[in-house]
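Note: the block below is structure27.tsv and it holds TSV, C-alpha atoms and all ligand atoms.
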chain	number	residue	atom	x	y	z
N	62	MET	CA	-21.26	-11.55	16.69
N	63	PRO	CA	-19.36	-13.78	14.27
N	64	ARG	CA	-16.16	-12.25	12.99
N	65	GLU	CA	-16.61	-10.48	9.70
N	66	LEU	CA	-14.11	-11.42	7.05
N	67	LEU	CA	-12.44	-8.27	5.81
N	68	PHE	CA	-11.20	-8.27	2.26
N	69	LEU	CA	-10.73	-4.53	2.21
N	70	PRO	CA	-7.65	-2.97	0.71
N	71	GLY	CA	-6.93	-1.86	4.29
N	72	PRO	CA	-7.56	-2.06	7.14
N	73	VAL	CA	-7.31	-5.83	7.06
N	74	SER	CA	-8.09	-8.84	9.24
N	75	VAL	CA	-5.61	-9.05	12.09
N	76	ALA	CA	-4.46	-12.31	13.72
N	77	GLN	CA	-5.56	-13.04	17.29
N	78	PRO	CA	-2.06	-12.73	18.85
N	79	VAL	CA	-1.73	-9.32	17.18
N	80	THR	CA	-5.09	-8.19	18.57
N	81	GLU	CA	-4.09	-9.50	22.01
N	82	ALA	CA	-0.85	-7.51	21.88
N	83	LEU	CA	-3.02	-4.36	21.94
N	84	ALA	CA	-4.09	-5.19	25.48
N	85	GLN	CA	-0.61	-5.29	27.02
N	86	PRO	CA	-0.02	-2.88	29.91
N	87	LEU	CA	1.33	0.46	28.74
N	88	ILE	CA	5.00	1.22	29.15
N	89	ASP	CA	7.07	4.37	29.60
N	90	HIS	CA	7.67	5.76	26.12
N	91	ARG	CA	10.95	7.25	27.35
N	92	GLY	CA	12.13	4.04	28.97
N	93	PRO	CA	14.35	1.11	27.94
N	94	GLU	CA	11.44	-1.24	27.13
N	95	PHE	CA	10.09	1.19	24.56
N	96	ALA	CA	13.57	1.59	23.06
N	97	GLY	CA	13.68	-2.19	22.60
N	98	LEU	CA	10.23	-2.20	21.01
N	99	LEU	CA	11.10	0.58	18.56
N	100	ARG	CA	14.41	-1.08	17.71
N	101	ARG	CA	12.73	-4.43	16.99
N	102	ILE	CA	10.17	-2.74	14.74
N	103	THR	CA	12.70	-0.74	12.75
N	104	GLU	CA	15.05	-3.73	12.38
N	105	ALA	CA	12.15	-5.81	11.09
N	106	LEU	CA	11.18	-3.08	8.61
N	107	ARG	CA	14.61	-2.32	7.18
N	108	PRO	CA	14.88	-5.41	4.93
N	109	LEU	CA	11.31	-4.88	3.71
N	110	PHE	CA	12.13	-1.32	2.60
N	111	GLY	CA	15.41	-2.65	1.26
N	112	THR	CA	17.44	-0.01	3.06
N	113	ARG	CA	20.36	0.12	5.43
N	114	GLY	CA	19.32	3.61	6.47
N	115	ASP	CA	17.01	4.74	9.27
N	116	VAL	CA	13.37	3.76	9.13
N	117	ILE	CA	11.30	6.32	11.01
N	118	VAL	CA	8.04	5.32	12.70
N	119	LEU	CA	5.30	7.95	12.88
N	120	GLY	CA	2.08	8.08	14.87
N	121	SER	CA	-0.25	8.60	11.92
N	122	SER	CA	-2.13	6.79	9.18
N	123	GLY	CA	-0.43	6.36	5.81
N	124	THR	CA	-1.50	9.78	4.60
N	125	GLY	CA	0.48	11.39	7.43
N	126	GLY	CA	3.50	9.52	6.11
N	127	LEU	CA	2.89	10.94	2.62
N	128	GLU	CA	2.60	14.44	4.06
N	129	THR	CA	5.83	13.85	5.98
N	130	ALA	CA	7.63	12.87	2.77
N	131	ILE	CA	6.50	16.03	0.97
N	132	ALA	CA	7.08	18.39	3.89
N	133	ASN	CA	10.61	17.17	4.58
N	134	VAL	CA	11.95	16.72	1.05
N	135	LEU	CA	10.24	19.43	-1.03
N	136	SER	CA	10.04	23.19	-0.69
N	137	PRO	CA	7.34	25.60	-1.84
N	138	GLY	CA	7.87	26.44	-5.49
N	139	ASP	CA	9.64	23.15	-6.31
N	140	ARG	CA	8.60	21.68	-9.64
N	141	VAL	CA	7.12	18.26	-9.14
N	142	LEU	CA	6.06	15.62	-11.64
N	143	SER	CA	3.27	13.50	-10.24
N	144	CYS	CA	3.08	10.06	-11.87
N	145	GLY	CA	-0.11	8.98	-10.16
N	146	VAL	CA	-2.19	6.15	-11.58
N	147	GLY	CA	-5.34	6.61	-9.50
N	148	PHE	CA	-7.03	8.10	-6.46
N	149	PHE	CA	-4.09	7.72	-4.05
N	150	GLY	CA	-1.67	9.15	-6.58
N	151	ASP	CA	-4.00	12.15	-6.84
N	152	ARG	CA	-3.94	12.53	-3.08
N	153	PHE	CA	-0.12	12.55	-3.05
N	154	ALA	CA	-0.15	15.28	-5.74
N	155	THR	CA	-2.71	17.30	-3.78
N	156	ILE	CA	-0.52	17.20	-0.68
N	157	ALA	CA	2.40	18.55	-2.75
N	158	GLU	CA	0.14	21.32	-4.08
N	159	ASN	CA	-0.91	22.16	-0.53
N	160	TYR	CA	2.77	22.58	0.33
N	161	GLY	CA	3.14	25.07	-2.52
N	162	CYS	CA	4.87	22.83	-5.05
N	163	ALA	CA	4.24	23.43	-8.76
N	164	VAL	CA	2.78	20.05	-9.67
N	165	GLU	CA	2.54	18.72	-13.21
N	166	ARG	CA	0.52	15.56	-13.69
N	167	PHE	CA	1.98	12.87	-15.90
N	168	GLU	CA	-1.22	11.18	-17.04
N	169	THR	CA	-1.77	7.45	-17.21
N	170	ALA	CA	-5.10	5.84	-18.16
N	171	LEU	CA	-6.90	4.41	-15.11
N	172	GLY	CA	-6.19	0.69	-14.88
N	173	SER	CA	-2.72	1.00	-16.38
N	174	SER	CA	0.68	1.32	-14.73
N	175	VAL	CA	3.20	4.04	-15.54
N	176	ASP	CA	4.71	3.50	-18.98
N	177	ALA	CA	8.48	3.63	-18.42
N	178	LEU	CA	9.22	4.66	-22.02
N	179	ALA	CA	6.68	7.48	-22.00
N	180	LEU	CA	8.05	8.69	-18.68
N	181	GLU	CA	11.57	8.54	-20.07
N	182	ARG	CA	10.46	10.73	-22.99
N	183	ARG	CA	8.90	13.27	-20.63
N	184	LEU	CA	12.02	13.39	-18.49
N	185	ARG	CA	14.30	13.75	-21.52
N	186	ASP	CA	12.29	16.88	-22.22
N	187	ASP	CA	13.72	18.45	-19.08
N	188	PRO	CA	17.34	19.07	-20.09
N	189	ARG	CA	17.82	21.79	-17.47
N	190	ARG	CA	16.59	19.45	-14.73
N	191	GLU	CA	13.88	21.81	-13.60
N	192	ILE	CA	11.84	18.97	-12.15
N	193	VAL	CA	12.97	18.61	-8.55
N	194	GLY	CA	10.69	15.85	-7.32
N	195	ILE	CA	8.83	12.90	-8.80
N	196	LEU	CA	5.87	11.29	-7.05
N	197	LEU	CA	5.03	7.63	-7.57
N	198	THR	CA	2.64	5.07	-6.21
N	199	HIS	CA	4.14	1.60	-5.88
N	200	ASN	CA	0.76	-0.08	-5.64
N	201	GLU	CA	-2.39	1.90	-6.49
N	202	THR	CA	-5.09	0.55	-4.26
N	203	SER	CA	-7.95	2.36	-6.01
N	204	THR	CA	-7.44	0.64	-9.37
N	205	GLY	CA	-5.67	-2.61	-8.42
N	206	VAL	CA	-2.54	-1.59	-10.29
N	207	ALA	CA	1.10	-2.23	-9.39
N	208	ASN	CA	3.93	-0.26	-10.96
N	209	ASP	CA	7.15	-2.00	-11.93
N	210	MET	CA	9.37	-0.06	-9.54
N	211	ALA	CA	12.57	-1.78	-10.68
N	212	ALA	CA	11.95	-0.83	-14.32
N	213	LEU	CA	10.99	2.77	-13.47
N	214	ALA	CA	14.05	3.15	-11.25
N	215	GLY	CA	16.47	3.17	-14.19
N	216	VAL	CA	14.57	5.92	-15.99
N	217	LEU	CA	14.28	8.00	-12.84
N	218	ARG	CA	17.92	7.67	-11.85
N	219	GLU	CA	19.01	8.95	-15.24
N	220	HIS	CA	17.06	12.17	-14.67
N	221	GLY	CA	18.20	12.54	-11.08
N	222	ALA	CA	15.14	14.20	-9.47
N	223	LEU	CA	14.21	13.19	-5.94
N	224	THR	CA	11.77	10.29	-6.05
N	225	LEU	CA	9.00	10.01	-3.46
N	226	VAL	CA	7.12	6.73	-3.28
N	227	ASP	CA	3.78	5.82	-1.76
N	228	SER	CA	4.29	2.14	-1.00
N	229	ILE	CA	1.55	2.02	1.62
N	230	SER	CA	-0.05	-1.07	0.06
N	231	GLY	CA	3.15	-2.25	-1.60
N	232	ILE	CA	5.93	-3.03	0.87
N	233	GLY	CA	5.44	-6.35	2.60
N	234	ALA	CA	3.40	-7.76	-0.28
N	235	SER	CA	5.91	-6.93	-3.01
N	236	ASP	CA	9.67	-6.90	-3.20
N	237	PHE	CA	11.08	-3.42	-2.68
N	238	ARG	CA	14.74	-2.41	-2.79
N	239	MET	CA	14.99	1.23	-1.87
N	240	ASP	CA	18.80	1.50	-1.75
N	241	GLU	CA	19.46	-0.67	-4.80
N	242	TRP	CA	16.85	1.06	-6.96
N	243	GLY	CA	17.75	4.50	-5.66
N	244	TYR	CA	14.43	5.81	-4.32
N	245	ASP	CA	14.64	8.83	-2.02
N	246	ALA	CA	11.59	8.81	0.23
N	247	VAL	CA	9.46	5.73	0.75
N	248	VAL	CA	6.31	5.51	2.85
N	249	THR	CA	4.29	2.57	4.11
N	250	ALA	CA	1.72	1.94	6.86
N	251	SER	CA	0.77	-0.63	9.48
N	252	GLN	CA	-2.71	-1.68	8.33
N	253	LYS	CA	-1.96	-3.13	4.91
N	254	ALA	CA	0.45	-5.98	4.07
N	255	PHE	CA	1.88	-6.15	7.61
N	256	ALA	CA	-1.58	-7.10	8.88
N	257	ALA	CA	-1.45	-4.83	11.93
N	258	PRO	CA	-4.08	-2.34	13.11
N	259	PRO	CA	-4.10	1.17	11.58
N	260	GLY	CA	-2.41	4.13	13.22
N	261	VAL	CA	1.27	3.92	12.35
N	262	SER	CA	3.15	4.91	9.21
N	263	MET	CA	6.80	4.42	8.43
N	264	ILE	CA	9.16	6.36	6.23
N	265	ALA	CA	12.74	5.99	5.07
N	266	LEU	CA	14.89	8.59	3.29
N	267	SER	CA	17.98	8.24	1.15
N	268	GLU	CA	21.15	10.02	2.21
N	269	ARG	CA	20.56	12.88	-0.23
N	270	ALA	CA	16.95	13.21	0.92
N	271	TRP	CA	18.18	13.55	4.53
N	272	GLN	CA	20.46	16.33	3.34
N	273	ARG	CA	17.47	18.05	1.73
N	274	ALA	CA	15.48	17.56	4.91
N	275	ALA	CA	18.02	19.69	6.76
N	276	ASN	CA	17.42	22.59	4.36
N	277	VAL	CA	13.89	22.54	2.95
N	278	ARG	CA	11.70	25.58	3.54
N	279	SER	CA	8.38	23.78	4.07
N	280	SER	CA	6.97	24.44	7.50
N	281	ARG	CA	6.30	21.45	9.70
N	282	PHE	CA	6.35	20.52	13.34
N	283	TYR	CA	4.67	17.23	14.24
N	284	PHE	CA	6.06	15.60	11.11
N	285	ASP	CA	9.60	16.99	11.31
N	286	LEU	CA	11.83	14.09	10.33
N	287	ASN	CA	14.95	15.64	11.82
N	288	ALA	CA	13.28	15.65	15.23
N	289	ALA	CA	12.05	12.11	14.62
N	290	ARG	CA	15.50	10.82	13.68
N	291	THR	CA	17.16	12.47	16.66
N	292	ALA	CA	14.60	10.86	18.97
N	293	ALA	CA	14.80	7.50	17.16
N	294	ARG	CA	18.52	7.32	17.77
N	295	GLN	CA	17.72	7.52	21.48
N	296	GLY	CA	15.11	4.79	21.15
N	297	GLN	CA	12.21	7.22	21.25
N	298	MET	CA	9.63	9.02	19.18
N	299	PRO	CA	9.47	12.80	19.58
N	300	TRP	CA	5.82	12.87	20.70
N	301	THR	CA	3.73	10.41	22.69
N	302	PRO	CA	3.55	7.34	20.48
N	303	PRO	CA	0.51	5.08	19.93
N	304	ILE	CA	2.06	2.41	22.17
N	305	PRO	CA	-0.66	-0.27	21.80
N	306	ILE	CA	-0.49	-0.08	18.00
N	307	LEU	CA	3.27	-0.48	18.23
N	308	PHE	CA	2.86	-3.59	20.42
N	309	ALA	CA	0.58	-5.00	17.74
N	310	LEU	CA	2.86	-3.99	14.88
N	311	ASP	CA	5.78	-5.65	16.66
N	312	ALA	CA	3.78	-8.89	16.98
N	313	ALA	CA	2.61	-8.66	13.36
N	314	LEU	CA	6.15	-8.13	12.06
N	315	GLN	CA	7.37	-11.12	14.08
N	316	ARG	CA	4.66	-13.24	12.44
N	317	TYR	CA	5.58	-11.79	9.06
N	318	HIS	CA	9.24	-12.73	9.41
N	319	ALA	CA	8.36	-16.16	10.82
N	320	GLU	CA	6.52	-16.78	7.56
N	321	GLY	CA	9.40	-15.21	5.64
N	322	ALA	CA	9.20	-12.28	3.22
N	323	PRO	CA	9.41	-14.38	0.02
N	324	HIS	CA	6.58	-16.61	1.26
N	325	ALA	CA	4.46	-13.67	2.33
N	326	GLN	CA	4.94	-12.01	-1.05
N	327	ALA	CA	4.12	-15.24	-2.89
N	328	ARG	CA	1.00	-15.62	-0.73
N	329	HIS	CA	-0.36	-12.21	-1.77
N	330	ALA	CA	0.33	-12.97	-5.44
N	331	ARG	CA	-1.28	-16.41	-5.17
N	332	TYR	CA	-4.41	-15.04	-3.50
N	333	ALA	CA	-4.74	-12.24	-6.05
N	334	GLY	CA	-4.31	-14.69	-8.91
N	335	ALA	CA	-7.01	-16.99	-7.51
N	336	VAL	CA	-9.40	-14.08	-6.93
N	337	ARG	CA	-8.84	-12.73	-10.43
N	338	SER	CA	-9.54	-16.03	-12.12
N	339	ALA	CA	-12.59	-16.67	-9.91
N	340	LEU	CA	-14.08	-13.24	-10.64
N	341	GLU	CA	-13.39	-13.55	-14.34
N	342	ARG	CA	-15.09	-16.94	-14.43
N	343	MET	CA	-18.11	-15.36	-12.73
N	344	GLY	CA	-18.37	-12.74	-15.47
N	345	PHE	CA	-16.40	-9.85	-13.98
N	346	THR	CA	-14.04	-7.77	-16.11
N	347	MET	CA	-10.66	-6.89	-14.63
N	348	PHE	CA	-10.20	-3.15	-14.23
N	349	SER	CA	-6.40	-3.38	-14.16
N	350	GLN	CA	-4.67	-4.11	-17.43
N	351	VAL	CA	-2.79	-7.35	-18.02
N	352	GLY	CA	0.78	-6.88	-16.82
N	353	ALA	CA	-0.28	-4.25	-14.26
N	354	HIS	CA	-2.22	-6.41	-11.80
N	355	SER	CA	-1.64	-5.72	-8.12
N	356	PRO	CA	-0.95	-8.58	-5.69
N	357	THR	CA	-2.81	-6.81	-2.86
N	358	VAL	CA	-6.08	-5.70	-4.39
N	359	VAL	CA	-8.15	-7.02	-7.28
N	360	ALA	CA	-10.31	-4.37	-8.95
N	361	ALA	CA	-13.00	-5.63	-11.29
N	362	SER	CA	-16.34	-4.56	-12.74
N	363	PRO	CA	-19.21	-6.96	-12.20
N	364	PRO	CA	-21.36	-8.41	-14.99
N	365	GLU	CA	-23.57	-5.75	-16.56
N	366	ASP	CA	-26.80	-6.71	-14.83
N	367	VAL	CA	-25.25	-6.45	-11.36
N	368	GLU	CA	-25.43	-3.33	-9.21
N	369	VAL	CA	-22.21	-2.87	-7.21
N	370	GLY	CA	-23.84	-1.32	-4.13
N	371	ALA	CA	-26.49	-4.04	-3.83
N	372	LEU	CA	-23.92	-6.79	-4.27
N	373	LEU	CA	-21.58	-5.41	-1.61
N	374	GLN	CA	-24.45	-4.84	0.81
N	375	ARG	CA	-25.68	-8.40	0.40
N	376	LEU	CA	-22.18	-9.80	0.90
N	377	ARG	CA	-21.71	-7.82	4.07
N	378	GLU	CA	-25.13	-8.26	5.65
N	379	ARG	CA	-25.89	-11.85	4.76
N	380	TYR	CA	-22.45	-13.41	4.63
N	381	GLY	CA	-20.19	-11.17	6.74
N	382	VAL	CA	-17.86	-10.80	3.78
N	383	VAL	CA	-16.67	-7.21	3.48
N	384	LEU	CA	-15.31	-5.95	0.17
N	385	SER	CA	-14.86	-2.38	-1.09
N	386	GLY	CA	-16.47	-0.53	-3.92
N	387	GLY	CA	-14.62	1.94	-6.07
N	388	GLN	CA	-13.50	5.43	-5.07
N	389	GLY	CA	-14.40	8.72	-6.74
N	390	THR	CA	-15.52	8.25	-10.33
N	391	LEU	CA	-15.22	4.47	-9.94
N	392	ALA	CA	-17.66	4.38	-7.01
N	393	ARG	CA	-20.43	2.37	-8.63
N	394	LYS	CA	-18.30	0.74	-11.29
N	395	ILE	CA	-15.94	-1.67	-9.56
N	396	VAL	CA	-15.54	-3.90	-6.56
N	397	ARG	CA	-12.19	-4.16	-4.83
N	398	PHE	CA	-11.15	-7.42	-3.24
N	399	GLY	CA	-8.14	-7.06	-0.94
N	400	THR	CA	-5.80	-9.99	-0.39
N	401	MET	CA	-3.87	-8.62	2.60
N	402	GLY	CA	-4.23	-9.56	6.23
N	403	ASP	CA	-4.66	-12.69	8.30
N	404	VAL	CA	-6.73	-14.65	5.77
N	405	GLY	CA	-6.17	-18.16	4.51
N	406	GLU	CA	-7.07	-19.96	1.33
N	407	LYS	CA	-10.27	-21.24	2.93
N	408	ASP	CA	-11.28	-17.67	3.71
N	409	ILE	CA	-10.74	-16.68	0.09
N	410	LEU	CA	-12.81	-19.69	-1.01
N	411	ALA	CA	-15.55	-18.75	1.46
N	412	ALA	CA	-15.61	-15.21	0.09
N	413	ILE	CA	-15.80	-16.46	-3.50
N	414	ALA	CA	-18.62	-18.85	-2.57
N	415	ALA	CA	-20.48	-16.01	-0.84
N	416	MET	CA	-19.94	-13.88	-3.95
N	417	GLU	CA	-21.51	-16.59	-6.10
N	418	LEU	CA	-24.49	-16.85	-3.79
N	419	ALA	CA	-24.93	-13.09	-3.64
N	420	LEU	CA	-24.72	-12.87	-7.43
N	421	LEU	CA	-27.33	-15.59	-7.83
N	422	GLU	CA	-29.60	-13.94	-5.26
N	423	THR	CA	-29.37	-10.59	-7.02
N	424	GLY	CA	-30.43	-12.26	-10.27
N	425	ALA	CA	-27.10	-12.47	-12.10
N	426	ARG	CA	-26.60	-15.27	-14.58
N	427	VAL	CA	-23.81	-17.29	-13.01
N	428	VAL	CA	-23.33	-21.04	-13.25
N	429	PRO	CA	-23.08	-22.16	-9.61
N	430	GLY	CA	-19.61	-23.28	-8.64
N	431	VAL	CA	-17.61	-21.72	-11.47
N	432	GLY	CA	-15.90	-19.13	-9.27
N	433	CYS	CA	-15.02	-21.65	-6.57
N	434	ALA	CA	-13.72	-24.06	-9.20
N	435	ALA	CA	-11.48	-21.37	-10.64
N	436	ALA	CA	-10.07	-20.52	-7.21
N	437	ILE	CA	-9.54	-24.20	-6.38
N	438	GLU	CA	-7.78	-24.67	-9.68
N	439	ALA	CA	-5.54	-21.71	-8.92
N	440	PHE	CA	-4.72	-22.92	-5.39
N	441	SER	CA	-4.20	-26.56	-6.34
N	442	GLY	CA	-2.53	-25.93	-9.66
N	443	ARG	CA	-5.00	-28.36	-11.20
N	444	VAL	CA	-7.84	-27.95	-13.62
N	445	THR	CA	-10.92	-29.45	-12.03
N	446	SER	CA	-13.59	-28.58	-14.57
N	447	GLY	CA	-14.35	-26.86	-17.81
N	448	VAL	CA	-13.57	-27.60	-21.40
N	449	ALA	CA	-10.20	-28.87	-22.45
V	501	LIG	C1	-4.41	2.90	2.13
V	501	LIG	C2	-3.60	3.75	1.23
V	501	LIG	C3	-3.37	5.11	1.49
V	501	LIG	C4	-4.04	5.83	2.62
V	501	LIG	O1	-3.59	5.47	3.82
V	501	LIG	P1	-4.34	5.95	5.16
V	501	LIG	O2	-3.68	5.03	6.14
V	501	LIG	O3	-5.80	5.71	4.98
V	501	LIG	O4	-4.01	7.36	5.37
V	501	LIG	C5	-2.56	5.82	0.64
V	501	LIG	N1	-2.00	5.25	-0.42
V	501	LIG	C6	-2.20	3.95	-0.73
V	501	LIG	C7	-1.57	3.38	-1.94
V	501	LIG	C8	-3.00	3.17	0.10
V	501	LIG	O5	-3.22	1.88	-0.21
Please render this file's structure as structure tokens.
Amino acid sequence: MPRELLFLPGPVSVAQPVTEALAQPLIDHRGPEFAGLLRRITEALRPLFGTRGDVIVLGSSGTGGLETAIANVLSPGDRVLSCGVGFFGDRFATIAENYGCAVERFETALGSSVDALALERRLRDDPRREIVGILLTHNETSTGVANDMAALAGVLREHGALTLVDSISGIGASDFRMDEWGYDAVVTASQKAFAAPPGVSMIALSERAWQRAANVRSSRFYFDLNAARTAARQGQMPWTPPIPILFALDAALQRYHAEGAPHAQARHARYAGAVRSALERMGFTMFSQVGAHSPTVVAASPPEDVEVGALLQRLRERYGVVLSGGQGTLARKIVRFGTMGDVGEKDILAAIAAMELALLETGARVVPGVGCAAAIEAFSGRVTSGVA
């Protein structure tokens, strides 16, 4: 079977050497080889989180990392302001509610990023500092929106609440500076911008969050970060780790750093820019607002006469190009085109060409070649067609 091209917002296409790493013989997870593996992974992750502190690796998908952040930093009854901007922000808030936190939702229109001034006003309205925790999504994969984490950091620091960040589809594709910006708990996962298989999440805490973790009243066992940190300092994980996924993550992070973080970040932005202009030229409307576009996922509604489900099915079945639809209320309204993973410019061009064909076959009015031309213009920096 020919390889499908995944343009999902996770999991993503994984490079051959990373896939091959999965097949290495298993090792003793309490032995020196594993300690070396875990050390390499955490050293590779530290600059991407932007922290000098411990980065803890967990055997779970990203959501397990989010649960870990809540369970170790917040207690039942804590007042929490959730600044979600979509489906994954909602999930983070729901986890906090499940742990007994009193969650208030700071609303942002879908497609927009958090308005720093509006958030500042809300936080000024808390003179007694009753809000203990603030939940944020660095990059909201359901709406193709990125928050400006540097700009928000100033507002949040002034208030002083603990800040918990879902950067599952952010870190690796976007600059993140946990220590400098002063974020307290930051979570990411293996199957997004690092282009590794799913199954591992990673979390880092600030010094004051570690102090909280020693005293919070939330019950936890598997996801107890104190146990994880104690084990990590001995080169171990507390429970049996997903060793093959860690082999693959190690290989993926080596590839990532061989490319270099600034190049990898620029690559995601370049791909997203090309995809956005191609889709717009083909008659799509961007779902994310200007200024809030994500580098890792482009969310757009197709031209009016096009049915999302039929389009995605055709792309998958006829062309082996796999994109996502929307989640929840956006299910039939948008397509989501992920830019993460082991894909090159020619893969993006192939996907755009397949999109044009699928649109034409489903009866949409598209001028053949306009999407590809837009992507080529974006990649080459040259205008190849169109009116002056
Ligand atoms: C993918 C994603 C998640 C969910 O991660 P799982 O690994 O599926 O648990 C959460 N938040 C964001 C922003 C994501 O992109």
- Excluding Gly97 (chain N) and any residue of its chain fewer than 5 positions from it, enumerate the residues within 12 Å of it, using all atoms listed in the file, and give them as a list in words. Ile88, Asp89, His90, Arg91, Gly92, Ile102, Thr103, Glu104, Ala293, Arg294, Gln295, Gly296, Gln297, Leu307, Phe308 and Asp311 of chain N
- Residues within 6 Å of ligand LIG 501 (chain V) should be enumerated using all atoms listed in the file and returned as a PyMOL selection string. chain N and resi 71+122-124+149+200-202+227+229-230
- Task: Extract, using only C-alpha atoms, all DNA, RNA and protein residues at most 8 Å from Leu310 (chain N), discarding same-chain residues fewer than 5 positions from it, and format them as JSON, numbers by chain.
- Result: {"N": [79, 102, 251, 255, 257, 258]}
Give as a PDB file with C-alpha atoms, in the coordinates of the input every residue, naming chains and numbers as the document does, that has an atom within 12 Å of (13.8, -1.1, 0.1), counting only C-alpha atoms.
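After the write, result_11.pdb holds the following:
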ATOM      1  CA  LEU N 106      11.180  -3.080   8.610  1.00  0.00           C
ATOM      2  CA  ARG N 107      14.610  -2.320   7.180  1.00  0.00           C
ATOM      3  CA  PRO N 108      14.880  -5.410   4.930  1.00  0.00           C
ATOM      4  CA  LEU N 109      11.310  -4.880   3.710  1.00  0.00           C
ATOM      5  CA  PHE N 110      12.130  -1.320   2.600  1.00  0.00           C
ATOM      6  CA  GLY N 111      15.410  -2.650   1.260  1.00  0.00           C
ATOM      7  CA  THR N 112      17.440  -0.010   3.060  1.00  0.00           C
ATOM      8  CA  ARG N 113      20.360   0.120   5.430  1.00  0.00           C
ATOM      9  CA  GLY N 114      19.320   3.610   6.470  1.00  0.00           C
ATOM     10  CA  ASP N 115      17.010   4.740   9.270  1.00  0.00           C
ATOM     11  CA  VAL N 116      13.370   3.760   9.130  1.00  0.00           C
ATOM     12  CA  HIS N 199       4.140   1.600  -5.880  1.00  0.00           C
ATOM     13  CA  MET N 210       9.370  -0.060  -9.540  1.00  0.00           C
ATOM     14  CA  ALA N 211      12.570  -1.780 -10.680  1.00  0.00           C
ATOM     15  CA  VAL N 226       7.120   6.730  -3.280  1.00  0.00           C
ATOM     16  CA  SER N 228       4.290   2.140  -1.000  1.00  0.00           C
ATOM     17  CA  GLY N 231       3.150  -2.250  -1.600  1.00  0.00           C
ATOM     18  CA  ILE N 232       5.930  -3.030   0.870  1.00  0.00           C
ATOM     19  CA  GLY N 233       5.440  -6.350   2.600  1.00  0.00           C
ATOM     20  CA  SER N 235       5.910  -6.930  -3.010  1.00  0.00           C
ATOM     21  CA  ASP N 236       9.670  -6.900  -3.200  1.00  0.00           C
ATOM     22  CA  PHE N 237      11.080  -3.420  -2.680  1.00  0.00           C
ATOM     23  CA  ARG N 238      14.740  -2.410  -2.790  1.00  0.00           C
ATOM     24  CA  MET N 239      14.990   1.230  -1.870  1.00  0.00           C
ATOM     25  CA  ASP N 240      18.800   1.500  -1.750  1.00  0.00           C
ATOM     26  CA  GLU N 241      19.460  -0.670  -4.800  1.00  0.00           C
ATOM     27  CA  TRP N 242      16.850   1.060  -6.960  1.00  0.00           C
ATOM     28  CA  GLY N 243      17.750   4.500  -5.660  1.00  0.00           C
ATOM     29  CA  TYR N 244      14.430   5.810  -4.320  1.00  0.00           C
ATOM     30  CA  ASP N 245      14.640   8.830  -2.020  1.00  0.00           C
ATOM     31  CA  ALA N 246      11.590   8.810   0.230  1.00  0.00           C
ATOM     32  CA  VAL N 247       9.460   5.730   0.750  1.00  0.00           C
ATOM     33  CA  VAL N 248       6.310   5.510   2.850  1.00  0.00           C
ATOM     34  CA  THR N 249       4.290   2.570   4.110  1.00  0.00           C
ATOM     35  CA  ILE N 264       9.160   6.360   6.230  1.00  0.00           C
ATOM     36  CA  ALA N 265      12.740   5.990   5.070  1.00  0.00           C
ATOM     37  CA  LEU N 266      14.890   8.590   3.290  1.00  0.00           C
ATOM     38  CA  SER N 267      17.980   8.240   1.150  1.00  0.00           C
TER      39      SER N 267
END
- Task: For Ala425 (chain N), please output as number ranges by chain all residues within 9 Å (counting all atoms listed in the file; exclusion window: fewer than 5 positions along the same chain).
- Result: N: 364-367, 419-420
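Closest to Ala179 (chain N) among N:Val382, N:Cys144, N:Ile395, N:Met343 is N:Cys144, based on all atoms listed in the file.
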How big is the axis-aligned box around all listed atoms of region 422-427 of chain N once 6 Å goes on each side, and where's its centre, in Å to one decimal, as JSON?
{"center_x": -27.1, "center_y": -13.9, "center_z": -9.9, "size_x": 18.6, "size_y": 18.7, "size_z": 21.3}
Quick one: residues within 9 Å of region 216-218 of chain N, all atoms listed in the file counted, chain neighbours fewer than 4 positions away excluded, as a compact mmCIF listing (two decimals) with C-alpha atoms, in the frame of the given file?
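Output file part.txt follows:
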# COMPACT_ATOMS: atom_id res chain seq x y z
CA ALA N 177 8.48 3.63 -18.42
CA LEU N 178 9.22 4.66 -22.02
CA LEU N 180 8.05 8.69 -18.68
CA GLU N 181 11.57 8.54 -20.07
CA LEU N 184 12.02 13.39 -18.49
CA ILE N 195 8.83 12.90 -8.80
CA ALA N 212 11.95 -0.83 -14.32
CA ALA N 222 15.14 14.20 -9.47
CA LEU N 223 14.21 13.19 -5.94
CA THR N 224 11.77 10.29 -6.05
CA TRP N 242 16.85 1.06 -6.96
CA GLY N 243 17.75 4.50 -5.66
CA TYR N 244 14.43 5.81 -4.32
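Proximity of N:Ala392, N:Ile131, N:Ala157, N:Ile413 to Ala436 (chain N), computed with only C-alpha atoms, is greatest for N:Ile413.
Minimum atom-to-atom distance to Ala439 (chain N), evaluated using only C-alpha atoms, belongs to N:Arg331 out of N:Glu378, N:Ala361, N:Val404, N:Arg331.
A straight line drawn from CA of Ala435 (chain N) to CA of Leu372 (chain N) is 20.2 Å long.
Coordinates place CA of Leu119 (chain N) at a distance of 8.1 Å from CA of Ala289 (chain N).
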Could you give me, as a tab-separated table (two decimals) with C-alpha atoms, in the coordinates of the input, the residues within 9 Å of Leu66 (chain N), counting only C-alpha atoms and dropping anything in the same chain fewer than 3 positions from it?
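Below you can see result23.tsv, which holds the result:
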chain	number	residue	atom	x	y	z
N	73	VAL	CA	-7.31	-5.83	7.06
N	74	SER	CA	-8.09	-8.84	9.24
N	377	ARG	CA	-21.71	-7.82	4.07
N	380	TYR	CA	-22.45	-13.41	4.63
N	381	GLY	CA	-20.19	-11.17	6.74
N	382	VAL	CA	-17.86	-10.80	3.78
N	383	VAL	CA	-16.67	-7.21	3.48
N	384	LEU	CA	-15.31	-5.95	0.17
N	404	VAL	CA	-6.73	-14.65	5.77
N	408	ASP	CA	-11.28	-17.67	3.71
N	412	ALA	CA	-15.61	-15.21	0.09
